[in-house]
file data19.cif (mmCIF, C-alpha atoms)
data_work
#
loop_
_atom_site.label_atom_id
_atom_site.label_comp_id
_atom_site.auth_asym_id
_atom_site.auth_seq_id
_atom_site.Cartn_x
_atom_site.Cartn_y
_atom_site.Cartn_z
CA MET A 16 -59.45 106.05 152.13
CA ALA A 17 -55.87 105.39 153.11
CA LEU A 18 -55.26 102.59 155.57
CA LEU A 19 -51.94 103.97 156.77
CA SER A 20 -50.96 107.56 156.16
CA VAL A 21 -47.68 109.21 157.01
CA THR A 22 -47.22 112.98 157.18
CA ASN A 23 -43.96 114.91 157.49
CA LEU A 24 -42.12 112.03 159.11
CA SER A 25 -38.55 112.67 160.29
CA VAL A 26 -36.28 110.38 162.25
CA VAL A 27 -32.94 111.24 163.84
CA LYS A 28 -30.70 108.46 165.05
CA ARG A 29 -27.53 109.16 167.03
CA ASP A 30 -27.44 112.79 165.86
CA ARG A 31 -27.75 111.72 162.24
CA LEU A 32 -30.85 112.74 160.31
CA LEU A 33 -31.99 109.57 158.57
CA PHE A 34 -34.83 111.12 156.61
CA GLU A 35 -37.15 114.08 156.89
CA ASN A 36 -40.55 115.19 155.63
CA ILE A 37 -41.56 111.82 154.27
CA ASN A 38 -45.18 111.69 153.15
CA PHE A 39 -47.03 108.71 151.77
CA ALA A 40 -50.18 106.71 152.15
CA VAL A 41 -50.87 103.01 151.78
CA GLU A 42 -54.31 101.99 150.58
CA LYS A 43 -56.10 98.72 151.23
CA GLY A 44 -54.60 96.20 148.87
CA GLY A 45 -51.52 98.37 148.42
CA LEU A 46 -47.94 97.16 148.46
CA LEU A 47 -45.23 99.63 149.41
CA TYR A 48 -41.68 98.62 148.74
CA VAL A 49 -39.13 100.66 150.70
CA LYS A 50 -35.77 100.81 148.93
CA GLY A 51 -32.44 102.28 149.87
CA GLN A 52 -28.79 101.56 150.58
CA ASN A 53 -27.51 100.01 153.80
CA GLY A 54 -27.84 102.61 156.52
CA ALA A 55 -30.43 104.67 154.68
CA GLY A 56 -32.93 104.15 157.46
CA LYS A 57 -35.26 101.46 156.11
CA THR A 58 -35.39 99.47 159.33
CA SER A 59 -35.75 102.63 161.42
CA MET A 60 -38.65 103.70 159.26
CA LEU A 61 -40.41 100.35 159.59
CA ARG A 62 -39.94 100.39 163.35
CA VAL A 63 -41.55 103.82 163.48
CA LEU A 64 -44.39 102.63 161.29
CA ALA A 65 -44.93 99.62 163.55
CA GLY A 66 -45.12 101.90 166.58
CA LEU A 67 -42.07 100.44 168.32
CA VAL A 68 -40.23 103.75 168.23
CA ALA A 69 -41.70 107.25 168.29
CA ALA A 70 -40.84 109.52 165.37
CA ASP A 71 -38.89 112.68 166.05
CA SER A 72 -41.49 114.67 164.17
CA GLY A 73 -44.46 113.91 161.99
CA GLU A 74 -47.40 111.62 162.36
CA VAL A 75 -48.35 108.08 161.43
CA CYS A 76 -52.08 107.39 161.24
CA PHE A 77 -53.87 104.08 160.88
CA SER A 78 -57.45 104.54 159.62
CA GLN A 79 -57.21 108.24 160.53
CA GLN A 80 -56.06 107.57 164.08
CA ASN A 81 -52.60 108.34 165.40
CA ILE A 82 -50.90 105.03 166.14
CA GLN A 83 -49.28 106.32 169.34
CA THR A 84 -52.63 107.14 170.90
CA SER A 85 -54.65 104.19 169.60
CA ARG A 86 -51.88 101.66 170.06
CA GLU A 87 -54.03 98.67 170.95
CA SER A 88 -56.45 98.82 168.03
CA TYR A 89 -53.53 99.39 165.65
CA HIS A 90 -51.59 96.42 166.91
CA GLN A 91 -54.63 94.19 166.64
CA ASN A 92 -54.50 94.79 162.90
CA LEU A 93 -50.77 94.56 162.44
CA VAL A 94 -48.23 91.80 161.95
CA TYR A 95 -44.63 92.97 162.16
CA PHE A 96 -41.66 90.89 161.12
CA GLY A 97 -38.32 92.48 161.95
CA HIS A 98 -34.64 91.61 161.97
CA LYS A 99 -35.02 89.99 165.35
CA LEU A 100 -37.22 86.97 164.89
CA GLY A 101 -39.00 87.15 168.22
CA ILE A 102 -38.75 83.44 168.91
CA ASN A 103 -37.15 82.00 172.00
CA GLN A 104 -34.26 79.67 171.28
CA THR A 105 -34.94 77.22 174.10
CA MET A 106 -38.61 76.75 173.27
CA SER A 107 -39.90 74.62 170.42
CA ALA A 108 -41.58 75.97 167.31
CA VAL A 109 -45.02 74.99 168.55
CA GLU A 110 -44.48 76.54 172.00
CA ASN A 111 -43.22 79.75 170.43
CA LEU A 112 -46.18 80.05 168.08
CA GLN A 113 -48.71 79.13 170.75
CA PHE A 114 -47.30 81.82 173.01
CA TRP A 115 -47.34 84.36 170.21
CA CYS A 116 -50.96 83.56 169.32
CA ASN A 117 -51.87 83.85 172.97
CA GLN A 118 -50.36 87.32 173.31
CA HIS A 119 -51.83 88.53 170.04
CA GLN A 120 -55.30 87.21 170.79
CA VAL A 121 -55.28 84.84 167.88
CA SER A 122 -57.45 81.93 168.96
CA ILE A 123 -56.18 78.99 167.05
CA SER A 124 -56.07 75.26 167.67
CA ILE A 125 -52.86 73.32 168.01
CA GLU A 126 -53.84 71.36 164.88
CA THR A 127 -53.79 74.56 162.83
CA ILE A 128 -50.31 75.36 164.10
CA PHE A 129 -49.14 71.88 163.14
CA SER A 130 -50.67 72.11 159.68
CA THR A 131 -49.12 75.56 159.16
CA LEU A 132 -45.72 74.18 160.07
CA LEU A 133 -46.40 71.36 157.62
CA GLN A 134 -47.04 73.92 154.87
CA LEU A 135 -43.76 75.59 155.76
CA ASN A 136 -41.86 72.31 155.45
CA LEU A 137 -41.03 72.00 159.11
CA VAL A 138 -42.40 68.50 159.62
CA GLY A 139 -40.71 66.62 162.43
CA LEU A 140 -39.13 69.79 163.79
CA GLU A 141 -42.17 71.02 165.72
CA ASP A 142 -41.09 69.87 169.15
CA ILE A 143 -37.36 70.43 169.29
CA PRO A 144 -35.82 73.65 170.64
CA VAL A 145 -35.59 76.30 167.95
CA ALA A 146 -31.86 76.69 168.65
CA ASN A 147 -31.33 73.32 166.92
CA LEU A 148 -32.88 74.50 163.66
CA SER A 149 -30.99 76.15 160.81
CA ALA A 150 -31.19 79.92 160.26
CA GLY A 151 -33.66 79.51 157.40
CA GLN A 152 -35.84 77.11 159.38
CA GLN A 153 -35.90 79.53 162.32
CA ARG A 154 -37.11 82.25 159.98
CA ARG A 155 -39.81 79.94 158.69
CA VAL A 156 -41.03 79.42 162.26
CA ALA A 157 -41.25 83.19 162.73
CA LEU A 158 -42.92 83.65 159.35
CA ALA A 159 -45.68 81.21 160.34
CA ARG A 160 -47.32 84.24 162.01
CA PHE A 161 -48.41 85.40 158.57
CA TRP A 162 -50.34 82.20 158.15
CA LEU A 163 -51.79 82.16 161.67
CA LYS A 164 -53.07 85.70 162.18
CA GLN A 165 -55.98 85.93 159.80
CA ASN A 166 -57.64 89.17 160.82
CA ALA A 167 -54.71 91.53 160.27
CA GLN A 168 -55.03 94.40 157.82
CA LEU A 169 -51.41 95.48 157.60
CA TRP A 170 -48.18 93.53 157.35
CA ILE A 171 -44.79 95.14 157.89
CA LEU A 172 -41.88 92.98 156.77
CA ASP A 173 -38.24 93.90 157.15
CA GLU A 174 -36.01 91.84 154.84
CA PRO A 175 -38.27 88.77 154.99
CA PHE A 176 -36.39 86.83 152.31
CA THR A 177 -32.99 86.77 154.01
CA ALA A 178 -31.74 83.21 154.64
CA LEU A 179 -34.74 81.63 152.94
CA ASP A 180 -34.25 79.11 150.12
CA THR A 181 -35.97 79.57 146.76
CA GLN A 182 -38.87 77.39 147.81
CA GLY A 183 -39.29 79.47 150.98
CA ILE A 184 -39.20 82.72 149.03
CA ASP A 185 -41.81 81.31 146.71
CA LEU A 186 -44.09 80.29 149.59
CA LEU A 187 -43.85 83.69 151.25
CA SER A 188 -44.34 85.59 147.98
CA LYS A 189 -47.50 83.58 147.32
CA GLN A 190 -48.77 84.28 150.82
CA ILE A 191 -48.09 88.01 150.42
CA THR A 192 -49.92 88.13 147.07
CA LYS A 193 -52.84 86.22 148.56
CA PHE A 194 -53.03 88.69 151.43
CA LEU A 195 -52.87 91.68 149.06
CA ASN A 196 -55.61 90.23 146.89
CA SER A 197 -57.83 89.81 149.95
CA GLY A 198 -57.52 93.54 150.66
CA GLY A 199 -54.59 93.67 153.05
CA ALA A 200 -51.79 96.21 152.84
CA VAL A 201 -48.09 95.35 152.93
CA ILE A 202 -45.03 97.48 153.62
CA MET A 203 -41.72 95.73 153.07
CA THR A 204 -38.03 96.13 152.43
CA SER A 205 -35.86 93.70 150.56
CA HIS A 206 -32.52 93.64 148.82
CA GLN A 207 -33.71 90.84 146.59
CA ARG A 208 -35.63 91.76 143.49
CA LEU A 209 -39.33 91.48 144.16
CA ASP A 210 -40.88 88.82 142.01
CA LEU A 211 -44.44 89.56 142.93
CA ASP A 212 -47.10 89.60 140.30
CA TYR A 213 -48.60 92.72 141.78
CA LEU A 214 -48.65 96.48 141.32
CA THR A 215 -45.93 97.91 143.58
CA ASP A 216 -45.40 101.42 144.96
CA GLU A 217 -41.83 102.29 145.65
CA LEU A 218 -40.30 104.63 148.19
CA THR A 219 -36.57 105.24 147.95
CA LEU A 220 -34.63 106.51 150.93
CA GLU A 221 -31.33 108.27 150.21
CA TYR A 222 -28.30 107.66 152.38
CA ARG A 223 -27.39 110.92 154.12
CA ILE A 224 -24.15 111.79 155.82
CA MET B 259 -55.84 87.48 181.78
CA ALA B 260 -55.13 84.27 179.87
CA ALA B 261 -52.34 86.09 178.07
CA LEU B 262 -50.75 87.09 181.38
CA MET B 263 -51.01 83.51 182.68
CA ALA B 264 -49.28 82.38 179.50
CA ILE B 265 -46.38 84.76 180.21
CA LEU B 266 -46.05 83.41 183.76
CA LYS B 267 -46.09 79.80 182.56
CA ARG B 268 -43.59 80.52 179.81
CA ASP B 269 -41.17 82.30 182.11
CA LEU B 270 -41.36 79.57 184.75
CA ALA B 271 -40.79 76.90 182.10
CA LEU B 272 -37.84 78.83 180.67
CA ALA B 273 -36.35 79.27 184.14
CA TYR B 274 -36.60 75.53 184.68
CA ARG B 275 -34.85 74.84 181.39
CA GLN B 276 -32.06 77.28 182.23
CA ARG B 277 -31.78 76.13 185.84
CA ALA B 278 -27.98 75.95 185.73
CA GLU B 279 -27.91 79.69 185.20
CA LEU B 280 -30.37 80.19 188.06
CA LEU B 281 -28.28 78.14 190.46
CA GLN B 282 -25.26 80.43 190.17
CA PRO B 283 -26.66 83.36 192.21
CA MET B 284 -27.86 80.88 194.83
CA MET B 285 -24.43 79.30 195.14
CA PHE B 286 -22.93 82.78 195.35
CA PHE B 287 -25.34 83.65 198.17
CA VAL B 288 -24.44 80.56 200.19
CA LEU B 289 -20.71 80.90 199.58
CA VAL B 290 -20.49 84.59 200.49
CA ILE B 291 -22.31 84.00 203.74
CA SER B 292 -20.25 80.96 204.65
CA LEU B 293 -17.09 83.03 204.15
CA PHE B 294 -17.96 85.26 207.09
CA PRO B 295 -17.70 82.72 209.92
CA LEU B 296 -14.37 81.68 208.42
CA ALA B 297 -13.04 85.22 208.14
CA VAL B 298 -14.43 86.78 211.30
CA GLY B 299 -14.12 83.72 213.51
CA PRO B 300 -16.78 81.42 214.88
CA GLU B 301 -17.53 83.46 217.98
CA SER B 302 -21.30 83.63 218.28
CA ASN B 303 -21.57 87.17 219.66
CA THR B 304 -19.71 88.80 216.77
CA LEU B 305 -21.56 86.72 214.18
CA GLN B 306 -24.90 87.60 215.72
CA VAL B 307 -24.13 91.31 215.43
CA ILE B 308 -23.05 91.19 211.79
CA GLY B 309 -25.36 88.33 210.72
CA PRO B 310 -28.50 90.16 209.56
CA GLY B 311 -26.45 92.73 207.66
CA VAL B 312 -24.40 90.01 205.99
CA ILE B 313 -27.47 88.08 204.87
CA TRP B 314 -29.12 91.21 203.50
CA VAL B 315 -26.04 92.46 201.67
CA ALA B 316 -25.50 89.00 200.19
CA ALA B 317 -29.15 88.84 199.15
CA ILE B 318 -28.90 92.21 197.39
CA LEU B 319 -25.67 91.27 195.61
CA SER B 320 -26.89 87.88 194.45
CA SER B 321 -30.20 89.33 193.29
CA LEU B 322 -28.17 91.75 191.17
CA LEU B 323 -26.32 88.81 189.60
CA GLY B 324 -29.45 87.19 188.25
CA LEU B 325 -31.33 90.37 187.53
CA GLU B 326 -30.13 90.87 183.97
CA ARG B 327 -31.81 87.63 182.90
CA LEU B 328 -35.14 89.36 183.42
CA PHE B 329 -35.33 91.02 179.99
CA ARG B 330 -31.98 90.21 178.33
CA ASP B 331 -32.98 87.16 176.29
CA ASP B 332 -36.34 88.57 175.32
CA PHE B 333 -34.69 91.79 174.18
CA GLN B 334 -32.02 90.05 172.17
CA ASP B 335 -34.21 87.56 170.35
CA GLY B 336 -36.97 90.09 169.68
CA SER B 337 -39.65 88.48 171.85
CA LEU B 338 -39.94 91.78 173.68
CA GLU B 339 -40.63 93.59 170.41
CA GLN B 340 -43.41 91.18 169.61
CA LEU B 341 -44.78 91.51 173.14
CA MET B 342 -44.92 95.29 172.71
CA LEU B 343 -46.83 94.84 169.48
CA SER B 344 -49.37 92.57 171.13
CA THR B 345 -52.58 93.56 172.83
CA THR B 346 -51.27 92.64 176.29
CA PRO B 347 -50.64 95.82 178.31
CA LEU B 348 -46.86 96.10 178.64
CA ALA B 349 -46.95 97.24 182.28
CA MET B 350 -48.94 94.16 183.31
CA ALA B 351 -46.70 91.88 181.26
CA ALA B 352 -43.67 93.43 182.96
CA LEU B 353 -45.21 92.89 186.40
CA ILE B 354 -45.80 89.22 185.61
CA LYS B 355 -42.24 88.83 184.39
CA VAL B 356 -40.99 90.38 187.64
CA LEU B 357 -43.18 87.96 189.61
CA ALA B 358 -41.77 85.00 187.68
CA HIS B 359 -38.26 86.31 188.32
CA TRP B 360 -38.91 86.69 192.05
CA LEU B 361 -40.36 83.18 192.28
CA THR B 362 -37.45 81.58 190.46
CA SER B 363 -34.41 83.50 191.64
CA ILE B 364 -35.26 85.18 194.96
CA LEU B 365 -37.64 82.76 196.64
CA PRO B 366 -34.99 79.99 196.66
CA LEU B 367 -32.68 82.36 198.56
CA ILE B 368 -35.35 82.86 201.19
CA LEU B 369 -35.87 79.11 201.42
CA LEU B 370 -32.15 78.73 202.06
CA SER B 371 -32.12 81.38 204.77
CA PRO B 372 -32.74 79.06 207.80
CA LEU B 373 -29.51 77.24 207.01
CA LEU B 374 -27.60 80.51 206.75
CA ALA B 375 -29.12 81.84 209.96
CA LEU B 376 -27.64 78.76 211.59
CA PHE B 377 -24.19 79.57 210.13
CA LEU B 378 -24.34 83.02 211.68
CA HIS B 379 -25.76 81.97 215.06
CA LEU B 380 -28.94 84.03 214.73
CA SER B 381 -31.37 83.53 217.61
CA GLU B 382 -34.90 82.40 216.85
CA PRO B 383 -36.62 85.81 217.22
CA MET B 384 -33.90 87.29 215.03
CA TYR B 385 -34.51 84.69 212.37
CA TRP B 386 -38.25 85.33 212.28
CA ALA B 387 -37.66 89.06 211.96
CA LEU B 388 -35.13 88.43 209.20
CA LEU B 389 -37.57 86.19 207.34
CA LYS B 390 -40.31 88.82 207.52
CA THR B 391 -38.01 91.55 206.22
CA LEU B 392 -36.83 89.28 203.41
CA LEU B 393 -40.37 88.38 202.38
CA LEU B 394 -41.46 92.01 202.32
CA GLY B 395 -38.23 93.51 201.10
CA THR B 396 -36.96 91.29 198.31
CA PRO B 397 -39.93 92.01 195.99
CA ILE B 398 -38.76 95.64 196.14
CA LEU B 399 -35.35 94.50 194.88
CA SER B 400 -37.01 92.80 191.90
CA LEU B 401 -39.42 95.63 191.11
CA ILE B 402 -36.93 98.50 191.31
CA GLY B 403 -34.23 96.35 189.75
CA ALA B 404 -36.46 95.66 186.75
CA ILE B 405 -36.66 99.40 186.00
CA ALA B 406 -32.88 99.58 185.83
CA VAL B 407 -32.72 96.40 183.73
CA GLY B 408 -35.27 97.91 181.37
CA LEU B 409 -33.10 100.99 180.99
CA THR B 410 -29.81 99.15 180.48
CA VAL B 411 -31.01 96.19 178.40
CA GLY B 412 -30.26 97.98 175.14
CA LEU B 413 -26.64 98.63 176.12
CA ASN B 414 -24.34 95.70 175.80
CA ARG B 415 -22.58 94.75 179.01
CA GLY B 416 -24.77 96.77 181.31
CA GLY B 417 -23.87 94.48 184.24
CA VAL B 418 -21.70 96.75 186.37
CA LEU B 419 -23.68 99.83 185.44
CA LEU B 420 -26.75 98.03 186.76
CA ALA B 421 -25.10 97.52 190.15
CA LEU B 422 -23.93 101.14 190.27
CA LEU B 423 -27.43 102.36 189.51
CA LEU B 424 -29.19 100.11 191.97
CA LEU B 425 -27.03 99.77 195.07
CA PRO B 426 -27.58 103.37 196.29
CA VAL B 427 -31.33 102.95 195.81
CA PHE B 428 -31.41 99.91 198.08
CA ILE B 429 -29.74 101.66 201.02
CA PRO B 430 -32.99 102.72 202.81
CA LEU B 431 -34.33 99.19 202.51
CA LEU B 432 -31.12 97.78 203.95
CA ILE B 433 -31.21 100.21 206.89
CA PHE B 434 -34.78 99.39 207.88
CA ALA B 435 -34.39 95.66 207.37
CA THR B 436 -31.28 95.33 209.51
CA SER B 437 -32.70 97.64 212.15
CA ALA B 438 -35.77 95.39 212.39
CA VAL B 439 -33.60 92.35 213.05
CA GLU B 440 -31.51 94.29 215.55
CA SER B 441 -34.64 95.25 217.46
CA ALA B 442 -35.73 91.63 217.44
CA SER B 443 -32.38 90.61 218.93
CA MET B 444 -33.06 92.93 221.86
CA GLN B 445 -36.63 91.57 222.26
CA LEU B 446 -38.07 94.90 221.09
CA GLN B 447 -41.03 95.60 218.80
CA TYR B 448 -40.09 95.94 215.13
CA THR B 449 -43.52 96.52 213.57
CA ALA B 450 -42.57 100.09 212.65
CA GLN B 451 -39.67 98.99 210.47
CA LEU B 452 -41.79 96.27 208.87
CA ALA B 453 -44.53 98.80 208.18
CA ILE B 454 -42.08 101.10 206.43
CA ILE B 455 -40.71 98.24 204.32
CA GLY B 456 -44.30 97.24 203.55
CA ALA B 457 -45.08 100.78 202.46
CA MET B 458 -42.04 100.80 200.20
CA PHE B 459 -43.18 97.49 198.73
CA LEU B 460 -46.71 98.71 198.02
CA PHE B 461 -45.41 101.96 196.56
CA SER B 462 -43.07 100.18 194.19
CA LEU B 463 -45.74 97.60 193.34
CA ALA B 464 -48.07 100.40 192.28
CA LEU B 465 -45.63 102.48 190.27
CA ALA B 466 -42.78 100.21 189.12
CA PRO B 467 -44.76 98.37 186.38
CA PHE B 468 -45.38 101.62 184.53
CA ALA B 469 -41.79 102.74 184.97
CA ILE B 470 -40.56 99.36 183.67
CA ALA B 471 -42.84 99.59 180.65
CA TYR B 472 -41.60 103.10 179.92
CA ALA B 473 -37.97 102.05 180.33
CA LEU B 474 -38.48 99.13 177.93
CA ARG B 475 -40.01 101.41 175.32
CA VAL B 476 -37.11 103.83 175.65
CA SER B 477 -34.69 100.94 175.14
CA GLN B 478 -36.23 100.16 171.76
CA THR B 479 -34.77 103.28 170.17
#
call {"tool": "encode", "arguments": {"input": "data19.cif", "output": "structure tokens"}}
result
Amino acid sequence: MALLSVTNLSVVKRDRLLFENINFAVEKGGLLYVKGQNGAGKTSMLRVLAGLVAADSGEVCFSQQNIQTSRESYHQNLVYFGHKLGINQTMSAVENLQFWCNQHQVSISIETIFSTLLQLNLVGLEDIPVANLSAGQQRRVALARFWLKQNAQLWILDEPFTALDTQGIDLLSKQITKFLNSGGAVIMTSHQRLDLDYLTDELTLEYRI
Amino acid sequence: MAALMAILKRDLALAYRQRAELLQPMMFFVLVISLFPLAVGPESNTLQVIGPGVIWVAAILSSLLGLERLFRDDFQDGSLEQLMLSTTPLAMAALIKVLAHWLTSILPLILLSPLLALFLHLSEPMYWALLKTLLLGTPILSLIGAIAVGLTVGLNRGGVLLALLLLPVFIPLLIFATSAVESASMQLQYTAQLAIIGAMFLFSLALAPFAIAYALRVSQT
């Protein structure tokens, strides 16, 4: 049974048809890699899949339920990582993650947050405003969500490897593989070559004028 | 519930950290009002007539100045996106954010109002009437204003557009508020005006959160 199924999806942005009649399904343990040129509509597609934007036509279903009507149960099972990191610049890493966990009903102790930041090589940077961290370190703070939210079934990642160093890419790749092996599904875009030791489905979006 | 409390705490903490930005509308409020005695002349009769109107107009303008802060940062850094993907109902989250905004940028204006009433020679009954209209009326500014901020947050430089959208909407409020103070200056009852402002407040309190949530979702496209 497909975890996420997409039927006849079309998205129009500023009078330009990005894509139409897209159909696919992602199974449990499936990894879908969305490819395409700049401007082909990868980000728009992921935002529709996450439920942030409504599609112009077509349907996205999570465990057979339309995500627009069963928003809450869908979002309980989803972690989305987009171009905007979703962390406040004046708050510290710990404050940001605590707030995020609070909103996403992830009950987690402060010790776990600290040890996650330790894993992500952010020792000593936990309590200073995020604005003082480098671009890569800020992304690591945002990526910590994938370590903290344990009960998710679907991850949607938009260009997660941008600005990360090789060690960071390695860490995230390992975490993604671990999640896939435990039965989670992942949808991601990336311009880097995927170095995952895992069976990958590919979906290529064409740039349309 | 705990999630909503966390939003309130976060927004209050953020406001405290960005207090320089919060002070600007307050300074504007005080300065605009202190210009009037200088421009019109210190004669108490004239000032008493224009006083309530001046304070209300200044309050509306300075609330517009700080209004954009409400969702701007959260929209730009993506916190709003993550909030929409959380299990917290967006309408309730928006209401809490409006409350935090009112507490941090409008309540200080009300606390300053006795000083300004003194500048404009308002009599004591007039001041009490003014205070009541401000307490009931300014939450309407925040609630209705938040809908417009939600709609314009996706556009860059929505500042002037925001004022153009909102000022006409605030006219009824302005009319009833100043008429209440005028009645008070003539020792008349002004419960009717207060009741109408109260009704406007309750109406916007009931409906605005859903409108804000809808506007924020529209802005995501």
call {"tool": "atom_distance", "arguments": {"input": "data19.cif", "atom1": "CA of Met106 in chain A", "atom2": "CA of Pro144 in chain A"}}
result
4.9 Å
call {"tool": "interface_residues", "arguments": {"input": "data19.cif", "of": "chain A", "to": "chain B", "cutoff": "10 Å", "atoms": "all atoms listed in the file", "output": "PDB file with C-alpha atoms, in the coordinates of the input"}}
result
ATOM      1  CA  LYS A  28     -30.700 108.460 165.050  1.00  0.00           C
ATOM      2  CA  ARG A  29     -27.530 109.160 167.030  1.00  0.00           C
ATOM      3  CA  SER A  59     -35.750 102.630 161.420  1.00  0.00           C
ATOM      4  CA  ARG A  62     -39.940 100.390 163.350  1.00  0.00           C
ATOM      5  CA  VAL A  63     -41.550 103.820 163.480  1.00  0.00           C
ATOM      6  CA  ALA A  65     -44.930  99.620 163.550  1.00  0.00           C
ATOM      7  CA  GLY A  66     -45.120 101.900 166.580  1.00  0.00           C
ATOM      8  CA  LEU A  67     -42.070 100.440 168.320  1.00  0.00           C
ATOM      9  CA  VAL A  68     -40.230 103.750 168.230  1.00  0.00           C
ATOM     10  CA  ALA A  69     -41.700 107.250 168.290  1.00  0.00           C
ATOM     11  CA  ALA A  70     -40.840 109.520 165.370  1.00  0.00           C
ATOM     12  CA  ARG A  86     -51.880 101.660 170.060  1.00  0.00           C
ATOM     13  CA  GLU A  87     -54.030  98.670 170.950  1.00  0.00           C
ATOM     14  CA  SER A  88     -56.450  98.820 168.030  1.00  0.00           C
ATOM     15  CA  TYR A  89     -53.530  99.390 165.650  1.00  0.00           C
ATOM     16  CA  HIS A  90     -51.590  96.420 166.910  1.00  0.00           C
ATOM     17  CA  GLN A  91     -54.630  94.190 166.640  1.00  0.00           C
ATOM     18  CA  ASN A  92     -54.500  94.790 162.900  1.00  0.00           C
ATOM     19  CA  LEU A  93     -50.770  94.560 162.440  1.00  0.00           C
ATOM     20  CA  VAL A  94     -48.230  91.800 161.950  1.00  0.00           C
ATOM     21  CA  TYR A  95     -44.630  92.970 162.160  1.00  0.00           C
ATOM     22  CA  PHE A  96     -41.660  90.890 161.120  1.00  0.00           C
ATOM     23  CA  GLY A  97     -38.320  92.480 161.950  1.00  0.00           C
ATOM     24  CA  HIS A  98     -34.640  91.610 161.970  1.00  0.00           C
ATOM     25  CA  LYS A  99     -35.020  89.990 165.350  1.00  0.00           C
ATOM     26  CA  LEU A 100     -37.220  86.970 164.890  1.00  0.00           C
ATOM     27  CA  GLY A 101     -39.000  87.150 168.220  1.00  0.00           C
ATOM     28  CA  ILE A 102     -38.750  83.440 168.910  1.00  0.00           C
ATOM     29  CA  ASN A 103     -37.150  82.000 172.000  1.00  0.00           C
ATOM     30  CA  GLN A 104     -34.260  79.670 171.280  1.00  0.00           C
ATOM     31  CA  THR A 105     -34.940  77.220 174.100  1.00  0.00           C
ATOM     32  CA  MET A 106     -38.610  76.750 173.270  1.00  0.00           C
ATOM     33  CA  GLU A 110     -44.480  76.540 172.000  1.00  0.00           C
ATOM     34  CA  ASN A 111     -43.220  79.750 170.430  1.00  0.00           C
ATOM     35  CA  GLN A 113     -48.710  79.130 170.750  1.00  0.00           C
ATOM     36  CA  PHE A 114     -47.300  81.820 173.010  1.00  0.00           C
ATOM     37  CA  TRP A 115     -47.340  84.360 170.210  1.00  0.00           C
ATOM     38  CA  CYS A 116     -50.960  83.560 169.320  1.00  0.00           C
ATOM     39  CA  ASN A 117     -51.870  83.850 172.970  1.00  0.00           C
ATOM     40  CA  GLN A 118     -50.360  87.320 173.310  1.00  0.00           C
ATOM     41  CA  HIS A 119     -51.830  88.530 170.040  1.00  0.00           C
ATOM     42  CA  GLN A 120     -55.300  87.210 170.790  1.00  0.00           C
TER      43      GLN A 120
END
call {"tool": "residues_around", "arguments": {"input": "data19.cif", "residues": "Leu140 in chain A", "least_positions_apart": "6", "cutoff": "10 Å", "atoms": "all atoms listed in the file", "output": "ChimeraX atom specification"}}
result
/A:107-109,132-133,147-148,152,156
call {"tool": "write_last_selection", "arguments": {"input": "data19.cif", "atoms": "C-alpha atoms", "output": "PDB file, in the coordinates of the input"}}
result
ATOM      1  CA  SER A 107     -39.900  74.620 170.420  1.00  0.00           C
ATOM      2  CA  ALA A 108     -41.580  75.970 167.310  1.00  0.00           C
ATOM      3  CA  VAL A 109     -45.020  74.990 168.550  1.00  0.00           C
ATOM      4  CA  LEU A 132     -45.720  74.180 160.070  1.00  0.00           C
ATOM      5  CA  LEU A 133     -46.400  71.360 157.620  1.00  0.00           C
ATOM      6  CA  ASN A 147     -31.330  73.320 166.920  1.00  0.00           C
ATOM      7  CA  LEU A 148     -32.880  74.500 163.660  1.00  0.00           C
ATOM      8  CA  GLN A 152     -35.840  77.110 159.380  1.00  0.00           C
ATOM      9  CA  VAL A 156     -41.030  79.420 162.260  1.00  0.00           C
TER      10      VAL A 156
END
call {"tool": "resolve_selection", "arguments": {"input": "data19.cif", "expression": "the PyMOL selection byres ((chain A and resi 171) around 6)", "output": "list of chain:residue names"}}
result
A:Tyr95, A:Trp170, A:Leu172, A:Val201, A:Ile202, A:Met203
call {"tool": "residues_around", "arguments": {"input": "data19.cif", "residues": "range 288-300 of chain B", "least_positions_apart": "2", "cutoff": "12 Å", "atoms": "only C-alpha atoms", "output": "number ranges by chain"}}
result
B: 281-286, 302-320, 366-379
call {"tool": "resolve_selection", "arguments": {"input": "data19.cif", "expression": "the PyMOL selection byres ((chain A and resi 211) around 9)", "output": "PyMOL selection string"}}
result
chain A and resi 188-189+191-192+209-210+212-215
call {"tool": "residues_around", "arguments": {"input": "data19.cif", "residues": "Leu195 in chain A", "least_positions_apart": "6", "cutoff": "8 Å", "atoms": "only C-alpha atoms", "output": "number ranges by chain"}}
result
A: 44-46, 201
call {"tool": "atom_distance", "arguments": {"input": "data19.cif", "atom1": "CA of Ile398 in chain B", "atom2": "CA of Ser321 in chain B"}}
result
11.0 Å
call {"tool": "atom_distance", "arguments": {"input": "data19.cif", "atom1": "CA of Leu220 in chain A", "atom2": "CA of Val27 in chain A"}}
result
13.9 Å
call {"tool": "residues_around", "arguments": {"input": "data19.cif", "residues": "Phe176 in chain A", "least_positions_apart": "6", "cutoff": "8 Å", "atoms": "all atoms listed in the file", "output": "PyMOL selection string"}}
result
chain A and resi 184+205+207
call {"tool": "write_last_selection", "arguments": {"input": "data19.cif", "atoms": "C-alpha atoms", "output": "JSON list (two decimals), in the coordinates of the input"}}
result
[["chain", "number", "residue", "atom", "x", "y", "z"],
["A", 184, "ILE", "CA", -39.20, 82.72, 149.03],
["A", 205, "SER", "CA", -35.86, 93.70, 150.56],
["A", 207, "GLN", "CA", -33.71, 90.84, 146.59]]
call {"tool": "residues_around", "arguments": {"input": "data19.cif", "residues": "Ala406 in chain B", "least_positions_apart": "4", "cutoff": "7 Å", "atoms": "all atoms listed in the file", "output": "ChimeraX atom specification"}}
result
/B:402,410,420
